[in-house]
>>> print(open('query-v8.csv').read())   # CSV, N, CA and C atoms
chain,number,residue,atom,x,y,z
A,201,ILE,N,109.7,115.1,70.8
A,201,ILE,CA,110.7,114.2,71.5
A,201,ILE,C,110.3,114.2,72.9
A,202,VAL,N,110.8,113.1,73.6
A,202,VAL,CA,110.6,113.0,75.0
A,202,VAL,C,112.0,113.0,75.6
A,203,TRP,N,112.3,113.8,76.6
A,203,TRP,CA,113.6,113.8,77.3
A,203,TRP,C,113.2,113.9,78.8
A,204,GLU,N,113.6,112.9,79.5
A,204,GLU,CA,113.3,112.7,80.9
A,204,GLU,C,111.8,113.0,81.2
A,205,ASP,N,111.4,114.0,81.9
A,205,ASP,CA,109.9,114.2,82.2
A,205,ASP,C,109.4,115.3,81.3
A,206,ARG,N,109.9,115.6,80.2
A,206,ARG,CA,109.5,116.7,79.3
A,206,ARG,C,109.2,116.2,77.9
A,207,VAL,N,108.2,116.8,77.2
A,207,VAL,CA,107.9,116.5,75.8
A,207,VAL,C,108.1,117.8,75.1
A,208,TYR,N,108.9,117.8,74.0
A,208,TYR,CA,109.2,119.0,73.2
A,208,TYR,C,108.6,118.8,71.8
A,209,ILE,N,107.9,119.8,71.3
A,209,ILE,CA,107.3,119.7,70.0
A,209,ILE,C,107.6,121.0,69.2
A,210,ALA,N,107.8,120.9,67.9
A,210,ALA,CA,107.9,122.0,67.0
A,210,ALA,C,106.5,122.1,66.3
A,211,ASN,N,106.0,123.3,66.2
A,211,ASN,CA,104.7,123.4,65.5
A,211,ASN,C,104.6,124.7,64.7
A,212,VAL,N,103.7,124.7,63.7
A,212,VAL,CA,103.5,125.8,62.8
A,212,VAL,C,102.0,126.2,62.9
A,213,ALA,N,101.7,127.5,63.0
A,213,ALA,CA,100.3,128.0,63.0
A,213,ALA,C,100.1,129.0,61.9
A,214,ALA,N,98.9,129.2,61.4
A,214,ALA,CA,98.6,130.2,60.4
A,214,ALA,C,98.9,131.6,61.0
A,215,ASN,N,99.4,132.4,60.2
A,215,ASN,CA,99.7,133.8,60.6
A,215,ASN,C,98.6,134.7,60.0
A,216,PRO,N,97.7,135.3,60.8
A,216,PRO,CA,96.7,136.2,60.2
A,216,PRO,C,97.3,137.5,59.6
A,217,ASP,N,98.5,137.8,59.9
A,217,ASP,CA,99.1,139.1,59.5
A,217,ASP,C,100.0,139.0,58.3
A,218,GLY,N,100.2,137.8,57.8
A,218,GLY,CA,101.2,137.7,56.7
A,218,GLY,C,101.2,136.3,56.0
A,219,GLU,N,102.2,136.2,55.1
A,219,GLU,CA,102.3,134.9,54.4
A,219,GLU,C,103.0,133.9,55.2
A,220,GLN,N,104.1,134.3,55.9
A,220,GLN,CA,104.9,133.3,56.7
A,220,GLN,C,104.1,132.8,57.9
A,221,PRO,N,104.0,131.5,58.0
A,221,PRO,CA,103.3,130.9,59.2
A,221,PRO,C,104.2,131.2,60.5
A,222,LEU,N,103.5,131.1,61.6
A,222,LEU,CA,104.2,131.3,62.9
A,222,LEU,C,104.9,130.0,63.3
A,223,HIS,N,106.1,130.1,63.8
A,223,HIS,CA,106.9,128.9,64.2
A,223,HIS,C,107.0,128.9,65.7
A,224,HIS,N,106.8,127.8,66.4
A,224,HIS,CA,107.0,127.7,67.8
A,224,HIS,C,107.6,126.4,68.2
A,225,VAL,N,108.3,126.4,69.4
A,225,VAL,CA,108.8,125.2,70.0
A,225,VAL,C,108.1,125.3,71.4
A,226,GLN,N,107.5,124.2,71.8
A,226,GLN,CA,106.8,124.1,73.1
A,226,GLN,C,107.3,123.0,74.0
A,227,CYS,N,107.2,123.1,75.3
A,227,CYS,CA,107.6,122.1,76.2
A,227,CYS,C,106.4,121.8,77.1
A,228,PHE,N,106.2,120.5,77.3
A,228,PHE,CA,105.1,120.0,78.1
A,228,PHE,C,105.6,119.1,79.2
A,229,GLN,N,105.0,119.0,80.3
A,229,GLN,CA,105.3,118.1,81.4
A,229,GLN,C,104.7,116.7,81.0
A,230,LEU,N,105.5,115.7,81.0
A,230,LEU,CA,105.1,114.4,80.6
A,230,LEU,C,104.0,113.8,81.5
A,231,SER,N,104.1,114.0,82.8
A,231,SER,CA,103.1,113.4,83.7
A,231,SER,C,101.7,113.9,83.6
A,232,ASP,N,101.5,115.2,83.3
A,232,ASP,CA,100.1,115.7,83.2
A,232,ASP,C,99.8,116.5,82.0
A,233,GLY,N,100.7,116.7,81.1
A,233,GLY,CA,100.5,117.4,79.8
A,233,GLY,C,100.5,118.9,80.0
A,234,LYS,N,100.8,119.4,81.1
A,234,LYS,CA,100.8,120.9,81.3
A,234,LYS,C,101.9,121.5,80.5
A,235,ARG,N,101.6,122.6,79.8
A,235,ARG,CA,102.6,123.3,79.0
A,235,ARG,C,103.4,124.1,80.0
A,236,LEU,N,104.8,124.0,79.9
A,236,LEU,CA,105.7,124.7,80.7
A,236,LEU,C,106.2,125.9,80.1
A,237,TRP,N,106.4,125.9,78.7
A,237,TRP,CA,106.8,127.1,78.0
A,237,TRP,C,106.5,127.0,76.5
A,238,LYS,N,106.5,128.1,75.9
A,238,LYS,CA,106.3,128.2,74.4
A,238,LYS,C,107.2,129.3,73.9
A,239,THR,N,108.0,129.0,72.9
A,239,THR,CA,108.9,130.0,72.4
A,239,THR,C,108.7,130.2,70.9
A,240,ALA,N,108.5,131.5,70.5
A,240,ALA,CA,108.4,131.8,69.0
A,240,ALA,C,109.8,131.7,68.4
A,241,VAL,N,109.8,131.2,67.2
A,241,VAL,CA,111.0,131.1,66.4
A,241,VAL,C,110.9,131.9,65.1
A,242,GLU,N,111.8,132.8,64.8
A,242,GLU,CA,111.8,133.6,63.6
A,242,GLU,C,111.7,132.7,62.4
A,243,PRO,N,110.8,133.0,61.5
A,243,PRO,CA,110.8,132.2,60.2
A,243,PRO,C,112.0,132.4,59.4
A,244,GLY,N,112.5,131.4,58.7
A,244,GLY,CA,113.6,131.5,57.8
A,244,GLY,C,113.2,132.0,56.4
A,245,PRO,N,114.0,131.9,55.4
A,245,PRO,CA,113.8,132.4,54.1
A,245,PRO,C,112.8,131.6,53.3
A,246,ALA,N,112.5,130.4,53.6
A,246,ALA,CA,111.6,129.5,52.8
A,246,ALA,C,110.2,130.1,52.8
A,247,LYS,N,109.6,130.0,51.6
A,247,LYS,CA,108.3,130.5,51.5
A,247,LYS,C,107.4,129.4,51.1
A,248,ARG,N,106.1,129.6,51.2
A,248,ARG,CA,105.1,128.6,50.8
A,248,ARG,C,105.2,128.4,49.3
A,249,GLY,N,104.7,127.2,48.9
A,249,GLY,CA,104.7,126.9,47.4
A,249,GLY,C,103.7,127.8,46.7
A,250,PRO,N,103.6,127.7,45.4
A,250,PRO,CA,102.8,128.6,44.6
A,250,PRO,C,101.3,128.4,44.8
A,251,LEU,N,100.9,127.2,45.3
A,251,LEU,CA,99.4,127.0,45.5
A,251,LEU,C,99.0,127.4,47.0
A,252,LYS,N,97.9,127.9,47.1
A,252,LYS,CA,97.4,128.4,48.4
A,252,LYS,C,97.3,127.2,49.3
A,253,GLY,N,97.9,127.3,50.5
A,253,GLY,CA,97.9,126.2,51.5
A,253,GLY,C,98.9,125.1,51.2
A,254,ASP,N,99.8,125.3,50.2
A,254,ASP,CA,100.7,124.3,49.8
A,254,ASP,C,101.7,124.0,51.0
A,255,ARG,N,101.8,122.7,51.4
A,255,ARG,CA,102.6,122.4,52.5
A,255,ARG,C,103.8,121.6,52.0
A,256,GLY,N,104.1,121.7,50.7
A,256,GLY,CA,105.2,121.0,50.1
A,256,GLY,C,106.6,121.2,50.8
A,257,LEU,N,106.8,122.4,51.4
A,257,LEU,CA,108.1,122.6,52.0
A,257,LEU,C,108.2,122.0,53.4
A,258,GLY,N,107.1,121.5,54.0
A,258,GLY,CA,107.2,120.9,55.2
A,258,GLY,C,107.7,121.7,56.4
A,259,TYR,N,107.1,122.8,56.7
A,259,TYR,CA,107.6,123.8,57.6
A,259,TYR,C,108.0,123.1,59.0
A,260,ALA,N,107.2,122.2,59.4
A,260,ALA,CA,107.5,121.6,60.7
A,260,ALA,C,107.8,120.1,60.6
A,261,ASN,N,108.3,119.6,59.5
A,261,ASN,CA,108.5,118.2,59.3
A,261,ASN,C,109.7,117.6,60.1
A,262,SER,N,110.5,118.5,60.6
A,262,SER,CA,111.6,118.0,61.4
A,262,SER,C,111.2,117.8,62.8
A,263,THR,N,112.0,117.1,63.6
A,263,THR,CA,111.7,116.8,65.0
A,263,THR,C,112.8,117.6,65.8
A,264,PRO,N,112.4,118.2,66.8
A,264,PRO,CA,113.4,118.9,67.7
A,264,PRO,C,114.3,117.9,68.3
A,265,CYS,N,115.5,118.3,68.7
A,265,CYS,CA,116.4,117.4,69.4
A,265,CYS,C,117.0,118.2,70.6
A,266,THR,N,117.6,117.5,71.5
A,266,THR,CA,118.2,118.1,72.7
A,266,THR,C,119.5,117.4,73.0
A,267,ASP,N,120.4,118.2,73.6
A,267,ASP,CA,121.6,117.7,74.2
A,267,ASP,C,121.6,117.5,75.7
A,268,GLY,N,120.3,117.7,76.2
A,268,GLY,CA,120.1,117.6,77.7
A,268,GLY,C,120.2,119.0,78.3
A,269,GLU,N,120.7,120.0,77.6
A,269,GLU,CA,120.7,121.3,78.2
A,269,GLU,C,120.0,122.3,77.3
A,270,ARG,N,120.0,122.1,76.0
A,270,ARG,CA,119.3,123.0,75.1
A,270,ARG,C,118.4,122.1,74.1
A,271,VAL,N,117.4,122.8,73.6
A,271,VAL,CA,116.5,122.2,72.6
A,271,VAL,C,116.8,122.9,71.2
A,272,TYR,N,116.9,122.1,70.2
A,272,TYR,CA,117.2,122.6,68.8
A,272,TYR,C,116.1,122.2,67.9
A,273,ALA,N,115.7,123.2,67.1
A,273,ALA,CA,114.6,122.9,66.1
A,273,ALA,C,115.0,123.6,64.8
A,274,LEU,N,114.7,122.9,63.7
A,274,LEU,CA,115.0,123.4,62.4
A,274,LEU,C,113.7,123.5,61.6
A,275,PHE,N,113.3,124.6,61.1
A,275,PHE,CA,112.1,124.8,60.3
A,275,PHE,C,112.5,125.0,58.9
A,276,GLY,N,111.6,124.8,57.9
A,276,GLY,CA,111.8,125.0,56.5
A,276,GLY,C,112.4,126.3,56.1
>>> encode(input="query-v8.csv", output="C-alpha coordinates")
Amino acid sequence: IVWEDRVYIANVAANPDGEQPLHHVQCFQLSDGKRLWKTAVEPGPAKRGPLKGDRGLGYANSTPCTDGERVYALFG
(Lines of atoms letter the chains of each structure in order from A and count residues from 1; the text may use other names and numbers.)
(Lines give C-alpha, C1' and ligand atoms only; values in the text may rest on other atoms or scores of the structure.)
Protein backbone atom coordinates (compact mmCIF):
# COMPACT_ATOMS: atom_id res chain seq x y z
CA ILE A 1 0.00 0.00 0.00
CA VAL A 2 1.04 3.61 -0.38
CA TRP A 3 0.42 6.09 2.42
CA GLU A 4 1.72 9.62 1.94
CA ASP A 5 5.45 9.19 1.10
CA ARG A 6 5.73 5.56 2.27
CA VAL A 7 5.19 2.16 0.63
CA TYR A 8 4.35 -0.79 2.91
CA ILE A 9 4.57 -4.41 1.83
CA ALA A 10 3.97 -7.78 3.48
CA ASN A 11 6.25 -10.54 2.29
CA VAL A 12 7.17 -14.14 2.95
CA ALA A 13 10.62 -15.71 2.58
CA ALA A 14 11.82 -19.31 2.78
CA ASN A 15 13.00 -20.33 6.22
CA PRO A 16 16.18 -22.45 6.06
CA ASP A 17 15.64 -23.59 9.67
CA GLY A 18 12.11 -24.93 9.53
CA GLU A 19 8.78 -25.49 7.86
CA GLN A 20 7.19 -22.14 8.56
CA PRO A 21 8.25 -19.38 6.18
CA LEU A 22 9.51 -16.07 7.55
CA HIS A 23 6.95 -13.25 7.59
CA HIS A 24 7.92 -9.59 7.34
CA VAL A 25 6.38 -6.15 6.90
CA GLN A 26 8.64 -3.57 5.29
CA CYS A 27 8.45 0.17 4.72
CA PHE A 28 10.09 2.00 1.83
CA GLN A 29 10.41 5.67 0.99
CA LEU A 30 8.32 6.40 -2.09
CA SER A 31 10.69 8.98 -3.60
CA ASP A 32 13.81 6.80 -3.86
CA GLY A 33 12.83 3.27 -2.82
CA LYS A 34 15.09 3.30 0.24
CA ARG A 35 14.04 0.76 2.87
CA LEU A 36 13.22 2.57 6.11
CA TRP A 37 12.44 -0.46 8.27
CA LYS A 38 11.73 -4.19 8.21
CA THR A 39 9.82 -5.99 10.97
CA ALA A 40 9.56 -9.75 11.47
CA VAL A 41 6.08 -11.08 12.27
CA GLU A 42 5.58 -14.31 14.22
CA PRO A 43 3.97 -16.96 12.02
CA GLY A 44 0.47 -18.06 12.93
CA PRO A 45 -0.88 -21.61 13.19
CA ALA A 46 -1.43 -22.13 9.44
CA LYS A 47 0.90 -24.67 7.85
CA ARG A 48 1.86 -25.30 4.27
CA GLY A 49 -0.26 -27.71 2.29
CA PRO A 50 0.66 -31.38 1.85
CA LEU A 51 2.68 -30.83 -1.33
CA LYS A 52 6.20 -29.46 -1.16
CA GLY A 53 6.12 -25.76 -1.98
CA ASP A 54 2.31 -25.66 -1.92
CA ARG A 55 1.23 -22.02 -1.76
CA GLY A 56 -2.46 -22.85 -1.51
CA LEU A 57 -2.83 -21.06 1.84
CA GLY A 58 -1.55 -17.78 0.40
CA TYR A 59 0.74 -16.73 3.25
CA ALA A 60 1.08 -13.16 1.99
CA ASN A 61 -1.99 -12.81 -0.18
CA SER A 62 -3.41 -10.05 1.96
CA THR A 63 -2.46 -6.41 1.68
CA PRO A 64 -1.32 -4.44 4.72
CA CYS A 65 -3.44 -1.48 5.78
CA THR A 66 -2.89 1.61 7.89
CA ASP A 67 -4.91 3.99 9.98
CA GLY A 68 -2.24 6.66 9.51
CA GLU A 69 -0.52 5.78 12.79
CA ARG A 70 -0.06 2.01 12.65
CA VAL A 71 0.38 -0.61 9.94
CA TYR A 72 -1.62 -3.84 10.13
CA ALA A 73 -0.89 -7.07 8.29
CA LEU A 74 -2.58 -10.46 8.38
CA PHE A 75 -0.75 -13.57 7.23
CA GLY A 76 -2.25 -17.05 6.66
>>> closest_residue(input="query-v8.csv", among="A:Ala240, A:Val202, A:Ala210, A:Leu230", to="Leu274 (chain A)", atoms="all atoms listed in the file")
A:Ala210
>>> closest_residue(input="query-v8.csv", among="A:Arg270, A:His223, A:Trp237, A:Gln229", to="Asp205 (chain A)", atoms="all atoms listed in the file")
A:Gln229
>>> atom_distance(input="query-v8.csv", atom1="CA of Ala273 (chain A)", atom2="CA of Pro216 (chain A)")
23.1 Å
>>> closest_residue(input="query-v8.csv", among="A:Cys265, A:Val212, A:Val241, A:Val207", to="Gln226 (chain A)", atoms="all atoms listed in the file")
A:Val207
>>> residues_around(input="query-v8.csv", residues="Ile209 (chain A)", least_positions_apart="4", cutoff="6 Å", atoms="all atoms listed in the file", output="MDAnalysis selection string")
chainID A and resid 201 224:227
>>> atom_distance(input="query-v8.csv", atom1="CA of Arg206 (chain A)", atom2="CA of Phe228 (chain A)")
5.6 Å
>>> atom_distance(input="query-v8.csv", atom1="CA of Leu236 (chain A)", atom2="CA of Thr266 (chain A)")
16.2 Å
